[in-house]
Amino acid sequence: LVSRKWRVRPTVLDLGDGVRIGEGTLTLAAGPCSIESEAQMESVLQHLVDNDVRIMRGGVFKPRSSPYSFRGLGMEGLRLFHQLARARGIKIVTEVMQVSQVEEMHDYVDVFQVGARNTQNFNLLDALGGVDKPVMIKRGISGTLEELLSSAEYVFSGGNEKLILCERGIRTFETASRNTLDLNAVPILKEKTHLPVIVDPSHGIGLREHVAAMALAGVMAGADGIIYETHETPEKAASDGAQTLNFDESARLIRNLRRVYALR
Ligand code: PEP
Ligand code: MN
């Protein structure tokens, strides 16, 4: 069902208020790795409004390698995130980690994010097949493109056709970067599926100074959008600060992404 053989026409998702994802528009989603506080959200929202970015990312349920790391503000954080974002006309993409969260999060999100550690959480995918909100599925840490497409097939066949695929880097033998952003994935996925494909250069390379280069490369490779991490003071971020752009870097990237997209 997610194959181009089933549907030739590219899928375009409408989030409302003129926010669209898919062919014909460059989708930009930016924000902190983790939602931390009201002040932090307000600063990011202002940055997004100033730069005409309509979608904010930010996790309230964080999958962390260590149980001692910051694990997110949970539902309380999400309710505030929703309230503040709505007031600015900004849409929300945030990670859902388990089946029980789907229902409680539902009214507060615009796009459910399935993280790389949950790409093959088939119970979660089944549950998301039953909701009428878009779902962005990240590629598994060591997942093939075929596996990513199969994960999308779970949601689609469950009745939810509002899907976005996200290349966020895979684990390879290379240690110079956090992950290896597989830009091959972009043209291959665009050929195989009618679903929108977006690139996450932040997790893909993991190094702030190189995020912009990989974001621009992702757009030239044919991505429908870019999702990346930004924070007023990346050094103080509760998670992923080393790959997070400050607002100056972010504003420059947004300008350049729009220029590059216009060249395609
Ligand atoms: C994130 O978006 O902050 C995140 C945890 O991403 P991933 O699942 O790709 O590691
Ligand atoms: Mn992160």
# chains A, B, ... in the order shown; residues from 1 in each chain; ligands from 1
$ closest_atom_pairs --of "chain A" --to "ligand 1" --cutoff "7 Å" --atoms "only C-alpha atoms and all ligand atoms" --output "CSV"
residue,atom,partner,partner_atom_place_in_ligand_line,distance
A:Cys33,CA,ligand 1,3 (O),4.6
A:Ser34,CA,ligand 1,3 (O),6.9
A:Gly59,CA,ligand 1,3 (O),6.3
A:Lys62,CA,ligand 1,5 (C),6.4
A:Pro63,CA,ligand 1,5 (C),6.0
A:Val114,CA,ligand 1,8 (O),7.0
A:Gly115,CA,ligand 1,8 (O),3.3
A:Ala116,CA,ligand 1,8 (O),3.7
A:Arg117,CA,ligand 1,8 (O),5.8
A:Lys138,CA,ligand 1,9 (O),5.8
A:Arg168,CA,ligand 1,9 (O),5.4
A:His203,CA,ligand 1,9 (O),6.0
$ residues_around --residues "Ala262 (chain A)" --least-positions-apart "3" --cutoff "12 Å" --atoms "only C-alpha atoms" --output "ChimeraX atom specification"
/A:24-26,216,219-220,222,255-259
$ residues_around --residues "region 229-233 of chain A" --least-positions-apart "5" --cutoff "6 Å" --atoms "only C-alpha atoms" --output "NGL selection string"
:A and (30-33 or 244-247)
$ write_last_selection --atoms "C-alpha atoms" --output "short mmCIF file (atom, residue, chain, number, x, y, z; two decimals), in the first residue's frame"
data_model
loop_
_atom_site.label_atom_id
_atom_site.label_comp_id
_atom_site.auth_asym_id
_atom_site.auth_seq_id
_atom_site.Cartn_x
_atom_site.Cartn_y
_atom_site.Cartn_z
CA ALA A 30 12.73 22.56 14.13
CA GLY A 31 13.02 22.67 17.88
CA PRO A 32 14.86 21.28 20.83
CA CYS A 33 15.62 17.63 21.33
CA THR A 244 21.80 21.39 18.23
CA LEU A 245 21.96 24.67 16.29
CA ASN A 246 21.69 28.03 18.01
CA PHE A 247 19.15 30.47 16.58
#
$ select_by_dssp --residues "region 23-221 of chain A" --states "strand (DSSP E or B)" --output "PyMOL selection string"
chain A and resi 27-31+34+55-57+59+91-95+111-114+135-138+163-167+170+180+193+197-199
$ select_by_dssp --residues "region 48-175 of chain A" --states "helix (DSSP H, G or I)" --output "MDAnalysis selection string"
chainID A and resid 48:50 74:87 99:108 116:118 122:129 145:157
$ residues_around --residues "Val199 (chain A)" --least-positions-apart "5" --cutoff "9 Å" --atoms "only C-alpha atoms" --output "list in words"
Leu165, Cys166, Glu167, Arg168, Gly169, Leu181, Leu183, Val186, Gly204, Met214, Ala215, Gly218, Val219, Ala223, Asp224, Gly225, Ile226, Ile227 and Tyr228 of chain A
$ atom_distance --atom1 "CA of Leu145 (chain A)" --atom2 "CA of Val8 (chain A)"
18.9 Å
$ atom_distance --atom1 "CA of Gly159 (chain A)" --atom2 "CA of Val131 (chain A)"
8.0 Å
$ closest_residue --among "A:Ser177, A:Gln113, A:Ser250, A:Ser66" --to "Pro134 (chain A)" --atoms "only C-alpha atoms"
A:Gln113
$ residues_around --residues "Leu73 (chain A)" --least-positions-apart "2" --cutoff "7 Å" --atoms "only C-alpha atoms" --output "MDAnalysis selection string"
chainID A and resid 35:36 60:61 75:77
$ residues_around --residues "Pro10 (chain A)" --least-positions-apart "5" --cutoff "7 Å" --atoms "only C-alpha atoms" --output "list of chain:residue names"
A:Glu23, A:His194, A:Leu195
$ write_last_selection --atoms "N, CA and C atoms" --output "compact mmCIF listing (two decimals), in the first residue's frame"
# COMPACT_ATOMS: atom_id res chain seq x y z
N GLU A 23 5.11 16.58 -1.68
CA GLU A 23 5.45 17.16 -2.99
C GLU A 23 4.98 18.61 -3.14
N HIS A 194 5.12 6.49 -2.40
CA HIS A 194 4.44 7.77 -2.65
C HIS A 194 4.43 8.65 -1.41
N LEU A 195 4.97 8.15 -0.29
CA LEU A 195 4.93 8.90 0.97
C LEU A 195 5.99 10.00 1.00
$ residues_around --residues "Val93 (chain A)" --least-positions-apart "5" --cutoff "9 Å" --atoms "only C-alpha atoms" --output "list of chain:residue names"
A:Ala29, A:Ile55, A:Met56, A:Arg57, A:Gly58, A:Gly59, A:Val109, A:Asp110, A:Val111, A:Phe112, A:Gln113, A:Val135, A:Met136
$ atom_distance --atom1 "CA of Leu253 (chain A)" --atom2 "CA of Pro201 (chain A)"
11.7 Å
$ closest_residue --among "A:Leu13, A:Ala85, A:Val260, A:Ala242" --to "ligand 2" --atoms "only C-alpha atoms and all ligand atoms"
A:Ala242
